[in-house]
Number of protein chains: 2
Amino acid sequence: MNQTSASSSFPGPRGPVDHDIRDQIVAAANEHFSQYGYAKTTVSDLAKAIGFSKAYIYKFFDSKQAIGEAICANCLAQIVAAVEQAINEENLTPTERFRRLVKTVIATGVDLFFNDRKLYDIAAFAAGENWPSAQRYDAQIKRFITEILREGREAGEFERKTPLDETVESIHLALRPFVNPLLLQHNLDFIEVAPTLTSNLILRSLMP
Amino acid sequence: MNQTSASSSFPGPRGPVDHDIRDQIVAAANEHFSQYGYAKTTVSDLAKAIGFSKAYIYKFFDSKQAIGEAICANCLAQIVAAVEQAINEENLTPTERFRRLVKTVIATGVDLFFNDRKLYDIAAFAAGENWPSAQRYDAQIKRFITEILREGREAGEFERKTPLDETVESIHLALRPFVNPLLLQHNLDFIEVAPTLTSNLILRSLMP
């Protein structure tokens with residue numbers, strides 16, 4: 001169903017009607033879940049609210065989870081986009097990029113938590129159940145960490161003795177309380193101090 | 001009623017009868033919560049199960065939470081005792097003691113989680129609500145970290161540039177996913193790799 005991206009450039013025409021309808025369902029579900037929560041909403045509720053039949057929705061999505069997945073993917077993509085923007089500014093040292101990664105992942109997650117609580121709850125649920133969107137998000141964060149480490153090692157800013165894989169895994173583990181939406185909500189008492197304390201500890205561990 | 005095992009751990013005279021009755025209530029509540037869970041049990045249920053009147057229980061404990069607190073304190077004391085034993089063996093270097101701290105805190109917490117799930121749930125609840133018992137537990141773990149760091153700094157094994165307070169706080173934060181019962185349950189996928197990865201990262205950060 002996802003053939004539009006091949007046939008049209010982004011700001012141009014939207015492509016087949018199917019794609020539009022999928023987006024409409026996701027947008028309406030997003031709104032509905034934001035108001036009533038993910039857990040409490042059934043596909044029937046959603047169908048009524050959107051004005052489509054339940055059967056029609058099932059033509060596009062296998063289950064409520066599939067709709068939740070689409071929303072969650074959007075939501076986690078926001079965090080990834082914010083991190084990407086923060087770390088890819090020009091003229092940053094690997095150390096600075098790493099600090100920005102930590103700071104942005106925490107700030108964006110917290111922002112989502114406080115300003116879009118119901119969506120946040122879907123993301124936390126997805127993280128708890130290890131949905132594919134949550135797995136992709138984790139993989140993306142690991143890719144950012146790997147890039148920064150590679151660059152820092154090449155520049156002689158970070159130590160090179162520890163196998164890169166191990167360093168990436170251990171840093172990802174150390175950041176998990178803030179990267180993972182499910183854990184972040186239990187770490188809100190630490191969000192003031194955590195970016196600095198955690199970045200400093202990790203950066204000390206990276207010293208050549 | 002598990003009175004014997006409770007009293008045998010405190011050698012010497014037990015003191016007033018009141019103290020015994022408190023212990024009896026705690027032991028019975030422990031048993032009752034283990035079977036039926038903390039959240040679902042009322043003080044009335046507990047009174048019936050123990051064979052005391054509700055009013056009599058309230059003579060000793062202000063609330064269900066006060067009983068839960070006593071149980072939780074016992075439960076967290078088990079983790080502290082296990083850590084204390086593990087790190088205080090003779091002839092350990094500060095590095096070895098630190099590894100043992102991490103390993104033992106994770107292993108004991110996980111053991112509790114799998115073998116005494118209902119008690120674990122009280123501990124997790126206590127951690128979430130930041131009960132005094134959970135605060136004391138956190139403080140105790142921080143004391144262990146501080147001792148090991150001091151010793152390692154004096155021995156020249158750990159770096160001395162970073163203020164000790166900052167190092168303690170950042171290590172405690174890095175260990176929180178495993179020290180804190182509420183977070184540990186969300187990190188069970190990582191308990192195989194976490195002790196080594198996390199210890200290694202922290203020990204690298206401590207290198208002089």
# chains A, B, ... in the order shown; residues from 1 in each chain; ligands from 1
call {"tool": "calpha_fit_rmsd", "arguments": {"fixed": "chain A", "moving": "chain B"}}
result
3.3 Å
call {"tool": "interface_residues", "arguments": {"of": "chain B", "to": "chain A", "cutoff": "8 Å", "atoms": "only C-alpha atoms", "output": "list of chain:residue names"}}
result
B:Gly128, B:Glu166, B:Thr167, B:Glu169, B:Ser170, B:Ile171, B:Leu173, B:Ala174, B:Pro177, B:Leu183, B:His186, B:Ala194, B:Leu197, B:Thr198, B:Leu201, B:Ile202, B:Leu203, B:Arg204, B:Ser205, B:Leu206, B:Met207
call {"tool": "select_by_dssp", "arguments": {"residues": "region 51-190 of chain B", "states": "alpha helix (DSSP H)", "output": "PyMOL selection string"}}
result
chain B and resi 54-60+64-87+94-115+117-129+132-154+164-179+181-184
call {"tool": "closest_residue", "arguments": {"among": "B:Phe178, B:Phe113, B:Phe144, B:Phe158", "to": "Cys75 (chain B)", "atoms": "only C-alpha atoms"}}
result
B:Phe113
call {"tool": "residues_around", "arguments": {"residues": "Gly37 (chain B)", "least_positions_apart": "3", "cutoff": "9 Å", "atoms": "only C-alpha atoms", "output": "PyMOL selection string"}}
result
chain B and resi 32-34+40-41+117-119+121-122
call {"tool": "write_last_selection", "arguments": {"atoms": "N, CA, C and O atoms", "output": "short mmCIF file (atom, residue, chain, number, x, y, z; two decimals), in the first residue's frame"}}
result
data_model
loop_
_atom_site.label_atom_id
_atom_site.label_comp_id
_atom_site.auth_asym_id
_atom_site.auth_seq_id
_atom_site.Cartn_x
_atom_site.Cartn_y
_atom_site.Cartn_z
N HIS B 32 0.56 -13.03 54.37
CA HIS B 32 -0.72 -12.74 53.71
C HIS B 32 -0.51 -11.97 52.39
O HIS B 32 -1.07 -12.33 51.36
N PHE B 33 0.34 -10.94 52.43
CA PHE B 33 0.62 -10.17 51.21
C PHE B 33 1.29 -11.06 50.17
O PHE B 33 1.03 -10.92 48.97
N SER B 34 2.17 -11.95 50.62
CA SER B 34 2.86 -12.85 49.68
C SER B 34 1.86 -13.65 48.87
O SER B 34 2.10 -13.98 47.72
N LYS B 40 -4.35 -5.56 47.02
CA LYS B 40 -5.71 -6.12 47.16
C LYS B 40 -6.11 -6.41 48.61
O LYS B 40 -7.26 -6.72 48.88
N THR B 41 -5.14 -6.37 49.52
CA THR B 41 -5.44 -6.71 50.91
C THR B 41 -5.80 -5.46 51.71
O THR B 41 -5.12 -4.45 51.63
N ARG B 117 7.52 -12.81 44.41
CA ARG B 117 6.98 -11.77 43.54
C ARG B 117 6.10 -10.76 44.27
O ARG B 117 6.19 -9.56 44.04
N LYS B 118 5.26 -11.26 45.17
CA LYS B 118 4.34 -10.34 45.85
C LYS B 118 5.09 -9.37 46.76
O LYS B 118 4.74 -8.20 46.87
N LEU B 119 6.14 -9.89 47.42
CA LEU B 119 6.94 -8.99 48.26
C LEU B 119 7.70 -8.00 47.40
O LEU B 119 7.82 -6.82 47.73
N ASP B 121 6.67 -6.85 44.70
CA ASP B 121 5.71 -5.81 44.28
C ASP B 121 5.57 -4.72 45.34
O ASP B 121 5.40 -3.56 45.01
N ILE B 122 5.63 -5.13 46.61
CA ILE B 122 5.57 -4.11 47.67
C ILE B 122 6.81 -3.21 47.58
O ILE B 122 6.71 -1.99 47.68
#
